[in-house]
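Visitor: Quick one: structure below, then a few questions.
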Amino acid sequence: MRVFVTGATGFIGLPVVKELIAAGHEVLGMARSDEGAKSLAAIGAEVHRGSLEDLDGLRKGATASEAVIHLAFIHDWSNFVESCEVDRRAIEALGSVLAGSDKPLIVTGGLAGLAGPGQVAIEDDVVPPDFPFPRVSEQTALSLKGVRASVVRLPQVHDPVKQGLTTPAIEVYREKGVCAYVGDGLNRWPAAYVLDVARLYRLAIEKAEPNAKYHAVAEEGVSMRDIAEAIGRRLKLPVKSIAPEEAQAFFGWLGMFATYDMPASSAQTRKQLGWEPTGPGLIADLEQLRVSDS
């Protein structure tokens, strides 16, 4: 297939592009910068210059392709609500030219807030009406009329350089000089190695089941205490527990996530796609965390 990939130069996007090309697909990858364009061209992708705000450009990319993987998101946490709105408009723009075409669209969602406290999120779970986050990628995609849409829900995607929400937590730890977890630290974050996630996107676009929800989860849940202790060992920083009422002051915008228990299963995904993650676990990658820029 010829696949249009937004966010093609990103932490997950570039491995997805490489995975698609290695499997024999053609890739039209969106790039905002000259540097990003060069990185895509170097691995054999065709470059589509544009951004999430360029709705006409998104429509042209989708029209020129046989399938779309939407990975791009503006990770501006200081203006998160607006970033979510940009994402919603982008998905609607992609859907406007995919409707009735039978071309598959995969969008990217998350796992936080999906299941109740202490419950393991599964693929059949529906985003609740009182969803606490302004990002509505999944809800927008699955409500598109006549579009063969599906969703990949991401955990903490990692390698030794980046680790999802753990990366901004590390920045906080470095700034504060201590690695904190909240309460007993037994709340859990699911995780998966970035190359395993890239393979899942490729399998998902090849199968292209409408309205499917896939969990890119290799580890059902890694405790925040284990995460903090691994980072503490690597950065040679002390580790301590803080009270729930201290979380917001310590972590800033990350405070709400630092208290979340969000384990997730990928049993259905593995069965449906034949996906078996083989990469290292989150703690193993944190043990290899690059510390040269500390």
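For the structure tokens, the naming scheme is as follows: chains receive sequential letters (A, B, ...) according to their order of presentation, residues are indexed from 1 within each chain, and ligands are indexed from 1 in presentation order.
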Can you tell me, as a PyMOL selection string, which residues in stretch 57-182 of chain A count as strand (DSSP E or B) by DSSP?
Guide: chain A and resi 67-70+104-110+121+148-154+156-158+163+179-182
Visitor: Go ahead and write the selection's residues with C-alpha atoms as a PDB file, in the first residue's frame.
Guide:
ATOM      1  CA  ALA A  67      -4.197   4.297   3.788  1.00  0.00           C
ATOM      2  CA  VAL A  68      -3.491   6.840   6.554  1.00  0.00           C
ATOM      3  CA  ILE A  69      -1.712   6.511   9.901  1.00  0.00           C
ATOM      4  CA  HIS A  70      -2.220   9.605  12.057  1.00  0.00           C
ATOM      5  CA  PRO A 104      -8.228   2.679   6.266  1.00  0.00           C
ATOM      6  CA  LEU A 105      -7.435   5.362   8.825  1.00  0.00           C
ATOM      7  CA  ILE A 106      -5.577   4.633  12.060  1.00  0.00           C
ATOM      8  CA  VAL A 107      -5.496   7.305  14.732  1.00  0.00           C
ATOM      9  CA  THR A 108      -3.594   7.323  17.993  1.00  0.00           C
ATOM     10  CA  GLY A 109      -5.192   7.317  21.433  1.00  0.00           C
ATOM     11  CA  GLY A 110      -4.170   6.734  25.013  1.00  0.00           C
ATOM     12  CA  ALA A 121      -8.249  -1.634  30.554  1.00  0.00           C
ATOM     13  CA  ARG A 148     -12.857   2.759   7.903  1.00  0.00           C
ATOM     14  CA  ALA A 149     -11.292   4.043  11.104  1.00  0.00           C
ATOM     15  CA  SER A 150      -9.503   2.241  13.927  1.00  0.00           C
ATOM     16  CA  VAL A 151      -7.432   3.252  16.941  1.00  0.00           C
ATOM     17  CA  VAL A 152      -4.078   2.292  18.429  1.00  0.00           C
ATOM     18  CA  ARG A 153      -4.032   3.115  22.136  1.00  0.00           C
ATOM     19  CA  LEU A 154      -0.523   3.862  23.336  1.00  0.00           C
ATOM     20  CA  GLN A 156       4.446   4.595  27.784  1.00  0.00           C
ATOM     21  CA  VAL A 157       6.441   3.963  24.599  1.00  0.00           C
ATOM     22  CA  HIS A 158      10.136   3.713  25.337  1.00  0.00           C
ATOM     23  CA  GLN A 163       9.903   6.887  27.677  1.00  0.00           C
ATOM     24  CA  CYS A 179      12.814  10.941  42.459  1.00  0.00           C
ATOM     25  CA  ALA A 180       9.358  10.959  44.008  1.00  0.00           C
ATOM     26  CA  TYR A 181       6.375   8.659  43.743  1.00  0.00           C
ATOM     27  CA  VAL A 182       2.950   9.243  45.281  1.00  0.00           C
TER      28      VAL A 182
END
Visitor: DSSP on the backbone: what in stretch 15-262 of chain A comes out helix (DSSP H, G or I), as a PyMOL selection string?
Guide: chain A and resi 15-22+34-42+55-63+77-98+137-142+166-176+194-207+224-235+244-258
Visitor: For stretch 257-261 of chain A, work out the shell of residues within 7 Å, counting only C-alpha atoms and skipping chain neighbours fewer than 2 positions away, then give it as a list in words.
Guide: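 Returned residues: Pro117, Gly118, Val182, Asn187, Arg188, Trp189, Leu254, Gly255 and Pro263 of chain A.
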Visitor: Determine, for each residue of stretch 150-201 of chain A having at least one atom at most 10 Å from an atom of stretch 231-236 of chain A, the closest pair of atoms and their separation in Å to one decimal, counting only C-alpha atoms; order by chain and ascending number, as CSV.
Guide:
residue,atom,partner,partner_atom,distance
A:Thr166,CA,A:Ile231,CA,9.5
A:Ala169,CA,A:Ile231,CA,9.7
A:Ile170,CA,A:Ile231,CA,7.4
A:Tyr173,CA,A:Gly232,CA,8.6
A:Arg174,CA,A:Leu235,CA,8.1
A:Gly177,CA,A:Leu235,CA,9.4
A:Val178,CA,A:Gly232,CA,7.6
A:Cys179,CA,A:Gly232,CA,5.9
A:Ala180,CA,A:Gly232,CA,9.1
Visitor: I need the residues from that last selection saved to file as a PDB file, in the first residue's frame (with C-alpha atoms), if you can.
Guide:
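For reference, selection.pdb as written:
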ATOM      1  CA  THR A 166       8.342   9.137  32.113  1.00  0.00           C
ATOM      2  CA  ALA A 169       9.005  13.030  34.985  1.00  0.00           C
ATOM      3  CA  ILE A 170      12.763  12.593  34.647  1.00  0.00           C
ATOM      4  CA  TYR A 173      13.416  14.666  39.069  1.00  0.00           C
ATOM      5  CA  ARG A 174      16.560  16.331  37.757  1.00  0.00           C
ATOM      6  CA  GLY A 177      17.077  16.562  42.881  1.00  0.00           C
ATOM      7  CA  VAL A 178      14.868  13.716  44.090  1.00  0.00           C
ATOM      8  CA  CYS A 179      12.814  10.941  42.459  1.00  0.00           C
ATOM      9  CA  ALA A 180       9.358  10.959  44.008  1.00  0.00           C
TER      10      ALA A 180
END
Visitor: May I ask for the distance between atom CA of A:Lys207 and atom CA of A:Trp275, given in Å to one decimal place?
Guide: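 Here the two named atoms are 11.8 Å from each other.
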Visitor: List as a list of chain:residue names the protein and nucleic acid residues near A:Asp285, meaning an atom at most 10 Å away when only C-alpha atoms are counted, but skip any in the same chain fewer than 4 places from it.
Guide: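 The residues that qualify are A:His158, A:Asp159, A:Pro160, A:Val161, A:Lys162, A:Gln163, A:Tyr193, A:Ala230, A:Gly279, A:Pro280, A:Gly281, A:Leu289, A:Arg290.
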Visitor: What's the 10 Å shell around A:Val5, counting only C-alpha atoms, without same-chain residues fewer than 3 positions away, as a list in words?
Guide: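 Counting only C-alpha atoms, the residues come to Arg2, Ala8, Thr9, Gly13, Leu14, Val16, Val17, Val27, Leu28, Gly29, Met30, Ala31, Val47, His48, Leu58, Gly61, Ala62, Ser65, Ala67, Val68, Ile69, His70, Leu71, Ala72 and Ile106 of chain A.
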Visitor: Figure out the distance between atom CA of A:Pro155 and atom CA of A:Ala267, please, to one decimal in Å.
Guide: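 About the pair atom CA of A:Ala267 and atom CA of A:Pro155: they are 14.4 Å apart.
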Visitor: I'd like the interatomic distance between atom CA of A:Met224 and atom CA of A:Val172, to a tenth of an Å.
Guide: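 Between atom CA of A:Met224 and atom CA of A:Val172 the gap is 14.3 Å.
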Visitor: Using only C-alpha atoms, which residue out of A:Arg202, A:Arg135, A:Lys145, A:His215 lies closest to A:Ser83?
Guide: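 Selected residue with least distance to A:Ser83: A:Arg135.
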Visitor: Excluding A:Phe73 and any residue of its chain fewer than 5 positions from it, enumerate the residues within 9 Å of it, using only C-alpha atoms, and give them as number ranges by chain.
Guide: A: 6-7, 52, 83-84, 86-87
Visitor: Please determine, counting only C-alpha atoms, which residue among A:Val222, A:Ala249, A:Ala64, A:Ala37 has the shortest atom-to-atom distance to A:Arg49.
Guide: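 Answer, going by the shortest atom-to-atom distance: A:Ala37.
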Visitor: Near A:Leu203, within 12 Å and counting only C-alpha atoms, which residues show up once chain neighbours fewer than 4 positions away are dropped, as a VMD selection string?
Guide: chain A and resid 16 19 to 20 23 25 69 106 152 196 to 199 207 to 209 214 216 269 to 276
Visitor: Take the residues from that selection and put them in a file with N, CA, C and O atoms, as a JSON list (two decimals), in the first residue's frame.
Guide:
[["chain", "number", "residue", "atom", "x", "y", "z"],
["A", 16, "VAL", "N", 7.89, 3.67, 12.56],
["A", 16, "VAL", "CA", 6.74, 3.17, 11.80],
["A", 16, "VAL", "C", 7.03, 3.24, 10.31],
["A", 16, "VAL", "O", 6.76, 2.29, 9.56],
["A", 19, "GLU", "N", 9.42, 0.52, 9.38],
["A", 19, "GLU", "CA", 8.74, -0.77, 9.43],
["A", 19, "GLU", "C", 7.87, -0.97, 8.19],
["A", 19, "GLU", "O", 7.87, -2.05, 7.59],
["A", 20, "LEU", "N", 7.15, 0.06, 7.78],
["A", 20, "LEU", "CA", 6.29, -0.04, 6.59],
["A", 20, "LEU", "C", 7.11, -0.28, 5.33],
["A", 20, "LEU", "O", 6.79, -1.13, 4.50],
["A", 23, "ALA", "N", 8.51, -3.70, 4.99],
["A", 23, "ALA", "CA", 7.49, -4.69, 4.64],
["A", 23, "ALA", "C", 6.98, -4.54, 3.21],
["A", 23, "ALA", "O", 6.07, -5.25, 2.79],
["A", 25, "HIS", "N", 5.78, -1.60, 1.72],
["A", 25, "HIS", "CA", 4.82, -0.53, 1.47],
["A", 25, "HIS", "C", 5.55, 0.74, 1.01],
["A", 25, "HIS", "O", 6.74, 0.93, 1.30],
["A", 69, "ILE", "N", -2.04, 6.69, 8.49],
["A", 69, "ILE", "CA", -1.71, 6.51, 9.90],
["A", 69, "ILE", "C", -1.48, 7.90, 10.49],
["A", 69, "ILE", "O", -0.56, 8.61, 10.07],
["A", 106, "ILE", "N", -5.92, 4.96, 10.68],
["A", 106, "ILE", "CA", -5.58, 4.63, 12.06],
["A", 106, "ILE", "C", -5.21, 5.93, 12.77],
["A", 106, "ILE", "O", -4.37, 6.69, 12.30],
["A", 152, "VAL", "N", -5.14, 2.92, 17.65],
["A", 152, "VAL", "CA", -4.08, 2.29, 18.43],
["A", 152, "VAL", "C", -3.93, 3.10, 19.71],
["A", 152, "VAL", "O", -3.64, 4.30, 19.67],
["A", 196, "ASP", "N", 8.48, -2.44, 18.89],
["A", 196, "ASP", "CA", 7.30, -3.30, 18.97],
["A", 196, "ASP", "C", 6.05, -2.52, 18.60],
["A", 196, "ASP", "O", 5.16, -3.04, 17.91],
["A", 197, "VAL", "N", 5.98, -1.28, 19.04],
["A", 197, "VAL", "CA", 4.84, -0.42, 18.72],
["A", 197, "VAL", "C", 4.78, -0.15, 17.22],
["A", 197, "VAL", "O", 3.71, -0.19, 16.60],
["A", 198, "ALA", "N", 5.93, 0.11, 16.62],
["A", 198, "ALA", "CA", 5.97, 0.34, 15.18],
["A", 198, "ALA", "C", 5.44, -0.86, 14.41],
["A", 198, "ALA", "O", 4.69, -0.71, 13.43],
["A", 199, "ARG", "N", 5.81, -2.04, 14.86],
["A", 199, "ARG", "CA", 5.33, -3.26, 14.19],
["A", 199, "ARG", "C", 3.82, -3.40, 14.32],
["A", 199, "ARG", "O", 3.13, -3.83, 13.40],
["A", 207, "LYS", "N", -4.23, -5.16, 8.39],
["A", 207, "LYS", "CA", -5.50, -5.84, 8.70],
["A", 207, "LYS", "C", -6.68, -4.90, 8.51],
["A", 207, "LYS", "O", -7.73, -5.29, 8.01],
["A", 208, "ALA", "N", -6.52, -3.66, 8.98],
["A", 208, "ALA", "CA", -7.48, -2.58, 8.77],
["A", 208, "ALA", "C", -8.92, -2.98, 9.10],
["A", 208, "ALA", "O", -9.81, -2.86, 8.27],
["A", 209, "GLU", "N", -9.15, -3.45, 10.30],
["A", 209, "GLU", "CA", -10.51, -3.77, 10.74],
["A", 209, "GLU", "C", -11.22, -2.47, 11.16],
["A", 209, "GLU", "O", -10.71, -1.74, 12.01],
["A", 214, "TYR", "N", -6.90, -1.21, 19.26],
["A", 214, "TYR", "CA", -5.74, -2.04, 19.56],
["A", 214, "TYR", "C", -4.93, -1.43, 20.71],
["A", 214, "TYR", "O", -4.78, -0.21, 20.80],
["A", 216, "ALA", "N", -1.29, -1.21, 22.26],
["A", 216, "ALA", "CA", 0.14, -1.43, 22.01],
["A", 216, "ALA", "C", 0.85, -1.64, 23.35],
["A", 216, "ALA", "O", 1.77, -0.90, 23.71],
["A", 269, "THR", "N", -5.56, -7.76, 21.16],
["A", 269, "THR", "CA", -4.69, -7.25, 20.10],
["A", 269, "THR", "C", -3.72, -8.31, 19.62],
["A", 269, "THR", "O", -3.53, -8.52, 18.42],
["A", 270, "ARG", "N", -3.11, -9.00, 20.57],
["A", 270, "ARG", "CA", -2.14, -10.04, 20.20],
["A", 270, "ARG", "C", -2.80, -11.14, 19.38],
["A", 270, "ARG", "O", -2.23, -11.64, 18.40],
["A", 271, "LYS", "N", -3.99, -11.51, 19.79],
["A", 271, "LYS", "CA", -4.71, -12.57, 19.09],
["A", 271, "LYS", "C", -5.14, -12.12, 17.70],
["A", 271, "LYS", "O", -4.99, -12.86, 16.71],
["A", 272, "GLN", "N", -5.68, -10.92, 17.60],
["A", 272, "GLN", "CA", -6.21, -10.43, 16.32],
["A", 272, "GLN", "C", -5.12, -10.13, 15.30],
["A", 272, "GLN", "O", -5.29, -10.38, 14.11],
["A", 273, "LEU", "N", -3.99, -9.61, 15.77],
["A", 273, "LEU", "CA", -2.94, -9.19, 14.85],
["A", 273, "LEU", "C", -1.75, -10.13, 14.80],
["A", 273, "LEU", "O", -0.86, -9.96, 13.97],
["A", 274, "GLY", "N", -1.71, -11.11, 15.70],
["A", 274, "GLY", "CA", -0.53, -11.97, 15.78],
["A", 274, "GLY", "C", 0.69, -11.20, 16.23],
["A", 274, "GLY", "O", 1.83, -11.50, 15.85],
["A", 275, "TRP", "N", 0.45, -10.19, 17.07],
["A", 275, "TRP", "CA", 1.53, -9.32, 17.54],
["A", 275, "TRP", "C", 2.12, -9.86, 18.82],
["A", 275, "TRP", "O", 1.41, -10.12, 19.79],
["A", 276, "GLU", "N", 3.43, -10.05, 18.82],
["A", 276, "GLU", "CA", 4.13, -10.51, 20.02],
["A", 276, "GLU", "C", 5.31, -9.59, 20.28],
["A", 276, "GLU", "O", 6.33, -9.66, 19.59]]
